[in-house]
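Reading through the structure tokens given below for one structure.
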Amino acid sequence: MSKAELIAVAKDRLEHYRAGTMALGDDVFRVPASDYFDEDRFRLEVERIFHRLPLLLAPSAELPNPGDYKAMTVCGTPVLLVRDTAGELRGYYNSCSHRGTWLTAEGTGNVSRLACPYHGWTYDLQGNLTAIVSEGNFGDIDKSQYGLVSLPVTERAGLIWCTLNPDSNVDFDAFLSGYDDLLANFGFESWHLFESRTLRGPNWKIAYDGYLDFYHVPVLHRTTFPNIPSNKGNYYAWGPHQRLVFPDVGLDEAAATPEAQWSNEFLLDGVWTVFPHISIASFDGGGRGVMLSQLFPGATPGESFTTQYYLMENQPTDEQREKAHEQFALLKYVVETEDYETGLRQQRALESGARDHVLFGRNESGGGCFHSWVKDIIEADDQQLPGLFQTRP
Ligand code: FES
């Protein structure tokens, strides 16, 4: 599970810690302000990023048992994730082969088969059409040709990725660039989903910029995270995916401890972003947990939606449950009231034409890296796209 790579990052952090430095990018990075509100640019991002790349649609903890399903609309596409009777995760368009309606409303549940609510056609969990109501009167069709449309799905490290294009030529391994091996060190496949909720926010990139940024923490979050005085962040990239860690906070103990005794929590701390729309950050309210934030563009450039999943390593006791609730409530306030309200004001100012471009300093190089990937992906045609993930670091 690539523990050696985690140790290499930890050693690099400790070098910066001892030297009082941080990892800096090569130069200040500029992003055109219109990238955050231009309608054509927004449409390209949705089509070329969200409709072509693997998206992390759920933690495995949301569908732990055979028959568990999750129906959701992702950038306009109805998706149905199902764990089949053998425990294998499957992905389909949530659309009946008869006249196309949703097989099930958005949400989660458990079923032994998928029955369409319109005329009652049924499918097994492997997506095969198994029964047509009044089949003798319906007329001859080959049922084997009318199963559900499968979407590419993979389940790794206790996380589920799905691609909205059934004919995608983007390879999961190349796209993930080994990042899934690192995430596997969390052991999410045995974690529990404690709570989830969805928040409305600004343009999806304005929202995502905030997850890639420690520069703002001691300013915007000075009262909610008073124990984090640092605004420094080191970025480590695997393909388009970036991990962000403090080079100067929480390292005293590790610096005084032999490498062999470094804890998993230390080796995995910080923020793990999964391109193009996920952030995973560790917290300790009521026991070891993470908040997995999943962003999607809304219907317009100025709107996004974020589902926050609070995952816990162990089922909490009653006392831990209360603390976990408090932690999760604080995270709602931090993101909704501090980050996204600030982001919505940024959105309005940029839409007004007040600025030509925005800046990412050498100390926030992860933002530049993210926006470079966005630009390169939307400029790549379908033939060029897979090559991006084999040639970039
Ligand atoms: Fe599903 Fe008719 S639309 S059975």
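How things are named: the first chain in the structure tokens is A, the next is B, and so on; residues count from 1 in each chain; ligands count from 1 in the order shown.
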task = Check region 69-204 of chain A with DSSP on the backbone and list each residue it calls strand (DSSP E), as a VMD selection string.
result = chain A and resid 69 to 74 77 to 83 89 to 93 107 to 110 114 to 115 122 to 123 129 to 131 153 to 156 159 to 162 192 to 201
Please tabulate, as JSON lines, the residues of chain A that come within 7 Å of ligand 1, each with its closest pair of atoms and the distance in Å to one decimal, counting only C-alpha atoms and all ligand atoms and ordering rows by chain, then residue number upward.
```
{"residue": "A:Cys96", "atom": "CA", "partner": "ligand 1", "partner_atom_place_in_ligand_line": "1 (Fe)", "distance": 4.6}
{"residue": "A:Ser97", "atom": "CA", "partner": "ligand 1", "partner_atom_place_in_ligand_line": "1 (Fe)", "distance": 6.5}
{"residue": "A:His98", "atom": "CA", "partner": "ligand 1", "partner_atom_place_in_ligand_line": "3 (S)", "distance": 4.7}
{"residue": "A:Arg99", "atom": "CA", "partner": "ligand 1", "partner_atom_place_in_ligand_line": "3 (S)", "distance": 4.0}
{"residue": "A:Gly100", "atom": "CA", "partner": "ligand 1", "partner_atom_place_in_ligand_line": "3 (S)", "distance": 5.2}
{"residue": "A:Thr101", "atom": "CA", "partner": "ligand 1", "partner_atom_place_in_ligand_line": "3 (S)", "distance": 5.1}
{"residue": "A:Leu103", "atom": "CA", "partner": "ligand 1", "partner_atom_place_in_ligand_line": "1 (Fe)", "distance": 6.9}
{"residue": "A:Cys116", "atom": "CA", "partner": "ligand 1", "partner_atom_place_in_ligand_line": "1 (Fe)", "distance": 4.6}
{"residue": "A:Pro117", "atom": "CA", "partner": "ligand 1", "partner_atom_place_in_ligand_line": "1 (Fe)", "distance": 6.5}
{"residue": "A:Tyr118", "atom": "CA", "partner": "ligand 1", "partner_atom_place_in_ligand_line": "2 (Fe)", "distance": 4.9}
{"residue": "A:His119", "atom": "CA", "partner": "ligand 1", "partner_atom_place_in_ligand_line": "4 (S)", "distance": 3.7}
{"residue": "A:Gly120", "atom": "CA", "partner": "ligand 1", "partner_atom_place_in_ligand_line": "4 (S)", "distance": 4.7}
{"residue": "A:Trp121", "atom": "CA", "partner": "ligand 1", "partner_atom_place_in_ligand_line": "4 (S)", "distance": 4.3}
```
Selection from above, all heavy atoms, as a JSON list (two decimals), in the first residue's frame, can you write it?
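Once written, selection28.json looks like this:
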```json
[["chain", "number", "residue", "atom", "x", "y", "z"],
["A", 96, "CYS", "N", -34.85, 3.03, -17.20],
["A", 96, "CYS", "CA", -35.44, 1.77, -17.61],
["A", 96, "CYS", "C", -35.34, 1.58, -19.13],
["A", 96, "CYS", "O", -35.49, 2.54, -19.90],
["A", 96, "CYS", "CB", -36.91, 1.74, -17.19],
["A", 96, "CYS", "SG", -37.79, 0.26, -17.68],
["A", 97, "SER", "N", -35.13, 0.33, -19.57],
["A", 97, "SER", "CA", -34.97, 0.05, -21.00],
["A", 97, "SER", "C", -36.30, 0.16, -21.76],
["A", 97, "SER", "O", -36.28, 0.19, -22.99],
["A", 97, "SER", "CB", -34.42, -1.37, -21.20],
["A", 97, "SER", "OG", -33.21, -1.50, -20.52],
["A", 98, "HIS", "N", -37.41, 0.21, -21.06],
["A", 98, "HIS", "CA", -38.70, 0.31, -21.74],
["A", 98, "HIS", "C", -38.91, 1.73, -22.25],
["A", 98, "HIS", "O", -38.77, 2.00, -23.43],
["A", 98, "HIS", "CB", -39.83, -0.13, -20.78],
["A", 98, "HIS", "CG", -41.20, -0.02, -21.37],
["A", 98, "HIS", "ND1", -42.29, 0.33, -20.60],
["A", 98, "HIS", "CD2", -41.66, -0.19, -22.63],
["A", 98, "HIS", "CE1", -43.37, 0.35, -21.38],
["A", 98, "HIS", "NE2", -43.01, 0.03, -22.61],
["A", 99, "ARG", "N", -39.20, 2.66, -21.37],
["A", 99, "ARG", "CA", -39.42, 4.02, -21.84],
["A", 99, "ARG", "C", -38.54, 5.02, -21.12],
["A", 99, "ARG", "O", -38.73, 6.23, -21.26],
["A", 99, "ARG", "CB", -40.89, 4.37, -21.74],
["A", 99, "ARG", "CG", -41.71, 3.52, -22.74],
["A", 99, "ARG", "CD", -42.44, 4.35, -23.75],
["A", 99, "ARG", "NE", -43.62, 4.91, -23.15],
["A", 99, "ARG", "CZ", -44.75, 4.22, -22.97],
["A", 99, "ARG", "NH1", -44.84, 2.96, -23.34],
["A", 99, "ARG", "NH2", -45.79, 4.79, -22.41],
["A", 100, "GLY", "N", -37.61, 4.51, -20.34],
["A", 100, "GLY", "CA", -36.51, 5.37, -19.90],
["A", 100, "GLY", "C", -36.62, 6.02, -18.54],
["A", 100, "GLY", "O", -35.69, 6.70, -18.12],
["A", 101, "THR", "N", -37.72, 5.85, -17.81],
["A", 101, "THR", "CA", -37.82, 6.57, -16.54],
["A", 101, "THR", "C", -36.81, 6.04, -15.52],
["A", 101, "THR", "O", -36.21, 4.97, -15.71],
["A", 101, "THR", "CB", -39.25, 6.48, -15.96],
["A", 101, "THR", "OG1", -39.39, 7.45, -14.93],
["A", 101, "THR", "CG2", -39.53, 5.10, -15.40],
["A", 103, "LEU", "N", -35.38, 4.12, -12.52],
["A", 103, "LEU", "CA", -35.80, 2.87, -11.87],
["A", 103, "LEU", "C", -36.09, 3.08, -10.41],
["A", 103, "LEU", "O", -36.90, 2.37, -9.81],
["A", 103, "LEU", "CB", -34.70, 1.82, -12.01],
["A", 103, "LEU", "CG", -34.61, 1.20, -13.40],
["A", 103, "LEU", "CD1", -33.35, 0.37, -13.51],
["A", 103, "LEU", "CD2", -35.84, 0.35, -13.67],
["A", 116, "CYS", "N", -39.14, -1.48, -12.11],
["A", 116, "CYS", "CA", -39.48, -0.14, -12.59],
["A", 116, "CYS", "C", -40.86, 0.28, -12.06],
["A", 116, "CYS", "O", -41.82, -0.48, -12.16],
["A", 116, "CYS", "CB", -39.47, -0.11, -14.12],
["A", 116, "CYS", "SG", -39.88, 1.54, -14.76],
["A", 117, "PRO", "N", -40.96, 1.50, -11.54],
["A", 117, "PRO", "CA", -42.24, 1.94, -10.96],
["A", 117, "PRO", "C", -43.30, 2.29, -12.02],
["A", 117, "PRO", "O", -44.45, 2.53, -11.66],
["A", 117, "PRO", "CB", -41.84, 3.19, -10.16],
["A", 117, "PRO", "CG", -40.62, 3.71, -10.85],
["A", 117, "PRO", "CD", -39.90, 2.51, -11.38],
["A", 118, "TYR", "N", -42.93, 2.31, -13.32],
["A", 118, "TYR", "CA", -43.88, 2.76, -14.34],
["A", 118, "TYR", "C", -44.75, 1.59, -14.83],
["A", 118, "TYR", "O", -45.97, 1.57, -14.62],
["A", 118, "TYR", "CB", -43.09, 3.42, -15.48],
["A", 118, "TYR", "CG", -43.89, 4.30, -16.42],
["A", 118, "TYR", "CD1", -43.23, 5.03, -17.42],
["A", 118, "TYR", "CD2", -45.28, 4.43, -16.32],
["A", 118, "TYR", "CE1", -43.93, 5.86, -18.28],
["A", 118, "TYR", "CE2", -45.99, 5.25, -17.19],
["A", 118, "TYR", "CZ", -45.31, 5.95, -18.17],
["A", 118, "TYR", "OH", -46.01, 6.77, -19.03],
["A", 119, "HIS", "N", -44.14, 0.59, -15.46],
["A", 119, "HIS", "CA", -44.93, -0.55, -15.97],
["A", 119, "HIS", "C", -44.48, -1.88, -15.38],
["A", 119, "HIS", "O", -44.98, -2.92, -15.79],
["A", 119, "HIS", "CB", -44.82, -0.65, -17.50],
["A", 119, "HIS", "CG", -45.11, 0.62, -18.23],
["A", 119, "HIS", "ND1", -44.12, 1.54, -18.53],
["A", 119, "HIS", "CD2", -46.27, 1.15, -18.70],
["A", 119, "HIS", "CE1", -44.65, 2.57, -19.18],
["A", 119, "HIS", "NE2", -45.96, 2.36, -19.29],
["A", 120, "GLY", "N", -43.54, -1.82, -14.46],
["A", 120, "GLY", "CA", -43.19, -3.01, -13.69],
["A", 120, "GLY", "C", -42.13, -3.93, -14.27],
["A", 120, "GLY", "O", -41.95, -5.05, -13.77],
["A", 121, "TRP", "N", -41.41, -3.53, -15.31],
["A", 121, "TRP", "CA", -40.32, -4.38, -15.79],
["A", 121, "TRP", "C", -39.31, -4.56, -14.66],
["A", 121, "TRP", "O", -39.07, -3.63, -13.87],
["A", 121, "TRP", "CB", -39.61, -3.75, -17.00],
["A", 121, "TRP", "CG", -40.39, -3.81, -18.27],
["A", 121, "TRP", "CD1", -41.73, -3.95, -18.43],
["A", 121, "TRP", "CD2", -39.85, -3.71, -19.60],
["A", 121, "TRP", "NE1", -42.08, -3.94, -19.75],
["A", 121, "TRP", "CE2", -40.94, -3.80, -20.50],
["A", 121, "TRP", "CE3", -38.57, -3.55, -20.12],
["A", 121, "TRP", "CZ2", -40.76, -3.75, -21.88],
["A", 121, "TRP", "CZ3", -38.39, -3.49, -21.50],
["A", 121, "TRP", "CH2", -39.48, -3.60, -22.36]]
```
ask   = Which residues, written as a PyMOL selection string, have at least one atom at most 9 Å from Asn165 (chain A), with only C-alpha atoms counted and residues fewer than 5 positions away on the same chain left out?
value = chain A and resi 51-53+151-152
message = Going by DSSP on the backbone, which residues of region 6-106 of chain A come out as helix (DSSP H, G or I)? List them as a PyMOL selection string.
response = chain A and resi 6-19+33-36+39-50+60-62
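For Ala254 (chain A), the set of protein, DNA and RNA residues having any atom at most 12 Å away, when counting only C-alpha atoms and skipping those fewer than 3 positions along the same chain, is A:Ile7, A:Ala10, A:Lys11, A:Arg13, A:Leu14, A:Glu15, A:Tyr17, A:Arg18, A:Pro247, A:Asp248, A:Val249, A:Gly250, A:Leu251, A:Thr257, A:Pro258, A:Glu259, A:Ala260, A:Gln261, A:Trp262, A:Ser263, A:Asn264, A:Glu265, A:Phe266, A:Leu267.
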request  = Would you mind listing what lies within 9 Å of His371 (chain A) as a list in words, with only C-alpha atoms counted and same-chain residues fewer than 5 positions away left out?
outcome  = Val31, Lys205, Gly366 and Asp376 of chain A
remark   = The residue from A:Pro386, A:Gly289, A:Pro297, A:Pro78 with the smallest atom-to-atom distance to Asn314 (chain A), counting only C-alpha atoms, is A:Gly289
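Considering only C-alpha atoms, the residue among A:Glu364, A:Asp68, A:Glu39, A:Glu106 positioned nearest to Phe246 (chain A) is A:Glu364.
When only C-alpha atoms are used to compute distances to Gln242 (chain A), the closest of the residues A:Tyr179, A:Phe186, A:Phe29, A:Trp204 turns out to be A:Tyr179.
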query = Residues at most 10 Å from His277 (chain A), counting only C-alpha atoms, excluding those fewer than 4 positions away in the same chain, as a PyMOL selection string?
reply = chain A and resi 50+55-57+204-205+207-208+211+241+273+293-297+306
query = For Gly239 (chain A), which residue out of A:Glu336, A:Asp173, A:Glu195, A:Asp284 is the nearest one, using only C-alpha atoms?
reply = A:Asp173
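The shortest atom-to-atom distance to Phe360 (chain A), with only C-alpha atoms taken into account, belongs to A:Arg30 out of A:His325, A:Arg30, A:Arg243, A:Arg113.
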Determine, counting only C-alpha atoms, which protein, DNA and RNA residues have an atom within 12 Å of an atom of Thr77 (chain A); residues of the same chain fewer than 4 positions away are not included. Present the result as a PDB file with N, CA, C and O atoms, in the first residue's frame.
```pdb
ATOM      1  N   VAL A  46     -18.035  20.884 -17.594  1.00  0.00           N
ATOM      2  CA  VAL A  46     -18.976  19.810 -17.259  1.00  0.00           C
ATOM      3  C   VAL A  46     -18.849  18.662 -18.269  1.00  0.00           C
ATOM      4  O   VAL A  46     -18.769  17.491 -17.891  1.00  0.00           O
ATOM      5  N   GLU A  47     -18.814  19.021 -19.556  1.00  0.00           N
ATOM      6  CA  GLU A  47     -18.766  17.976 -20.596  1.00  0.00           C
ATOM      7  C   GLU A  47     -17.445  17.229 -20.590  1.00  0.00           C
ATOM      8  O   GLU A  47     -17.396  16.010 -20.705  1.00  0.00           O
ATOM      9  N   PHE A  50     -16.369  16.376 -16.060  1.00  0.00           N
ATOM     10  CA  PHE A  50     -17.289  15.545 -15.267  1.00  0.00           C
ATOM     11  C   PHE A  50     -17.954  14.437 -16.089  1.00  0.00           C
ATOM     12  O   PHE A  50     -18.344  13.412 -15.530  1.00  0.00           O
ATOM     13  N   HIS A  51     -18.062  14.619 -17.399  1.00  0.00           N
ATOM     14  CA  HIS A  51     -18.670  13.562 -18.205  1.00  0.00           C
ATOM     15  C   HIS A  51     -17.646  12.627 -18.834  1.00  0.00           C
ATOM     16  O   HIS A  51     -18.024  11.692 -19.529  1.00  0.00           O
ATOM     17  N   ALA A  71     -28.949   5.967  -5.751  1.00  0.00           N
ATOM     18  CA  ALA A  71     -29.345   6.632  -6.995  1.00  0.00           C
ATOM     19  C   ALA A  71     -29.079   8.124  -6.837  1.00  0.00           C
ATOM     20  O   ALA A  71     -29.427   8.716  -5.817  1.00  0.00           O
ATOM     21  N   MET A  72     -28.431   8.709  -7.837  1.00  0.00           N
ATOM     22  CA  MET A  72     -28.075  10.123  -7.760  1.00  0.00           C
ATOM     23  C   MET A  72     -28.027  10.709  -9.160  1.00  0.00           C
ATOM     24  O   MET A  72     -27.863   9.977 -10.147  1.00  0.00           O
ATOM     25  N   THR A  73     -28.190  12.015  -9.228  1.00  0.00           N
ATOM     26  CA  THR A  73     -28.031  12.712 -10.506  1.00  0.00           C
ATOM     27  C   THR A  73     -26.691  13.435 -10.476  1.00  0.00           C
ATOM     28  O   THR A  73     -26.441  14.243  -9.582  1.00  0.00           O
ATOM     29  N   TYR A  92     -24.892   1.804 -13.295  1.00  0.00           N
ATOM     30  CA  TYR A  92     -25.791   1.830 -14.457  1.00  0.00           C
ATOM     31  C   TYR A  92     -26.327   3.250 -14.635  1.00  0.00           C
ATOM     32  O   TYR A  92     -26.394   4.032 -13.681  1.00  0.00           O
ATOM     33  N   TYR A  93     -26.795   3.537 -15.859  1.00  0.00           N
ATOM     34  CA  TYR A  93     -27.704   4.666 -15.993  1.00  0.00           C
ATOM     35  C   TYR A  93     -28.974   4.289 -15.243  1.00  0.00           C
ATOM     36  O   TYR A  93     -29.496   3.165 -15.401  1.00  0.00           O
ATOM     37  N   ASN A  94     -29.488   5.195 -14.457  1.00  0.00           N
ATOM     38  CA  ASN A  94     -30.735   4.950 -13.726  1.00  0.00           C
ATOM     39  C   ASN A  94     -31.893   5.230 -14.673  1.00  0.00           C
ATOM     40  O   ASN A  94     -32.615   6.227 -14.546  1.00  0.00           O
ATOM     41  N   SER A  95     -32.079   4.332 -15.649  1.00  0.00           N
ATOM     42  CA  SER A  95     -33.064   4.558 -16.700  1.00  0.00           C
ATOM     43  C   SER A  95     -33.545   3.217 -17.234  1.00  0.00           C
ATOM     44  O   SER A  95     -32.742   2.379 -17.662  1.00  0.00           O
ATOM     45  N   TRP A 102     -36.629   6.820 -14.449  1.00  0.00           N
ATOM     46  CA  TRP A 102     -35.751   6.360 -13.368  1.00  0.00           C
ATOM     47  C   TRP A 102     -36.287   5.040 -12.800  1.00  0.00           C
ATOM     48  O   TRP A 102     -37.501   4.900 -12.582  1.00  0.00           O
ATOM     49  N   GLU A 106     -33.955   9.217  -6.291  1.00  0.00           N
ATOM     50  CA  GLU A 106     -32.641   9.482  -5.709  1.00  0.00           C
ATOM     51  C   GLU A 106     -32.642   9.119  -4.232  1.00  0.00           C
ATOM     52  O   GLU A 106     -33.623   9.341  -3.521  1.00  0.00           O
ATOM     53  N   LEU A 151     -22.112   1.324 -16.583  1.00  0.00           N
ATOM     54  CA  LEU A 151     -21.095   2.381 -16.569  1.00  0.00           C
ATOM     55  C   LEU A 151     -19.808   1.811 -15.979  1.00  0.00           C
ATOM     56  O   LEU A 151     -19.864   0.939 -15.097  1.00  0.00           O
ATOM     57  N   CYS A 162     -16.847   6.023 -10.621  1.00  0.00           N
ATOM     58  CA  CYS A 162     -17.703   5.670 -11.747  1.00  0.00           C
ATOM     59  C   CYS A 162     -17.517   6.723 -12.833  1.00  0.00           C
ATOM     60  O   CYS A 162     -17.356   7.908 -12.533  1.00  0.00           O
ATOM     61  N   THR A 163     -17.520   6.296 -14.090  1.00  0.00           N
ATOM     62  CA  THR A 163     -17.400   7.223 -15.216  1.00  0.00           C
ATOM     63  C   THR A 163     -18.748   7.332 -15.903  1.00  0.00           C
ATOM     64  O   THR A 163     -19.382   6.305 -16.190  1.00  0.00           O
ATOM     65  N   LEU A 164     -19.204   8.554 -16.179  1.00  0.00           N
ATOM     66  CA  LEU A 164     -20.537   8.746 -16.742  1.00  0.00           C
ATOM     67  C   LEU A 164     -20.635   8.298 -18.198  1.00  0.00           C
ATOM     68  O   LEU A 164     -21.735   8.040 -18.688  1.00  0.00           O
ATOM     69  N   ASN A 165     -19.498   8.217 -18.885  1.00  0.00           N
ATOM     70  CA  ASN A 165     -19.490   7.779 -20.280  1.00  0.00           C
ATOM     71  C   ASN A 165     -19.290   6.261 -20.342  1.00  0.00           C
ATOM     72  O   ASN A 165     -18.219   5.767 -19.982  1.00  0.00           O
ATOM     73  N   PRO A 166     -20.311   5.506 -20.810  1.00  0.00           N
ATOM     74  CA  PRO A 166     -20.160   4.034 -20.828  1.00  0.00           C
ATOM     75  C   PRO A 166     -19.050   3.571 -21.761  1.00  0.00           C
ATOM     76  O   PRO A 166     -18.535   2.461 -21.608  1.00  0.00           O
ATOM     77  N   PHE A 296     -19.969  18.990  -6.831  1.00  0.00           N
ATOM     78  CA  PHE A 296     -20.446  18.903  -8.213  1.00  0.00           C
ATOM     79  C   PHE A 296     -20.866  20.292  -8.679  1.00  0.00           C
ATOM     80  O   PHE A 296     -21.447  21.062  -7.898  1.00  0.00           O
TER      81      PHE A 296
END
```
query = Which residue out of A:Arg156, A:Lys332, A:His357, A:Arg90 has the minimum interatomic distance to Phe188 (chain A) when only C-alpha atoms are used?
reply = A:Arg156
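Our summary of the geometry notes that CA of Thr154 (chain A) is positioned 20.3 Å from CA of Gly107 (chain A).
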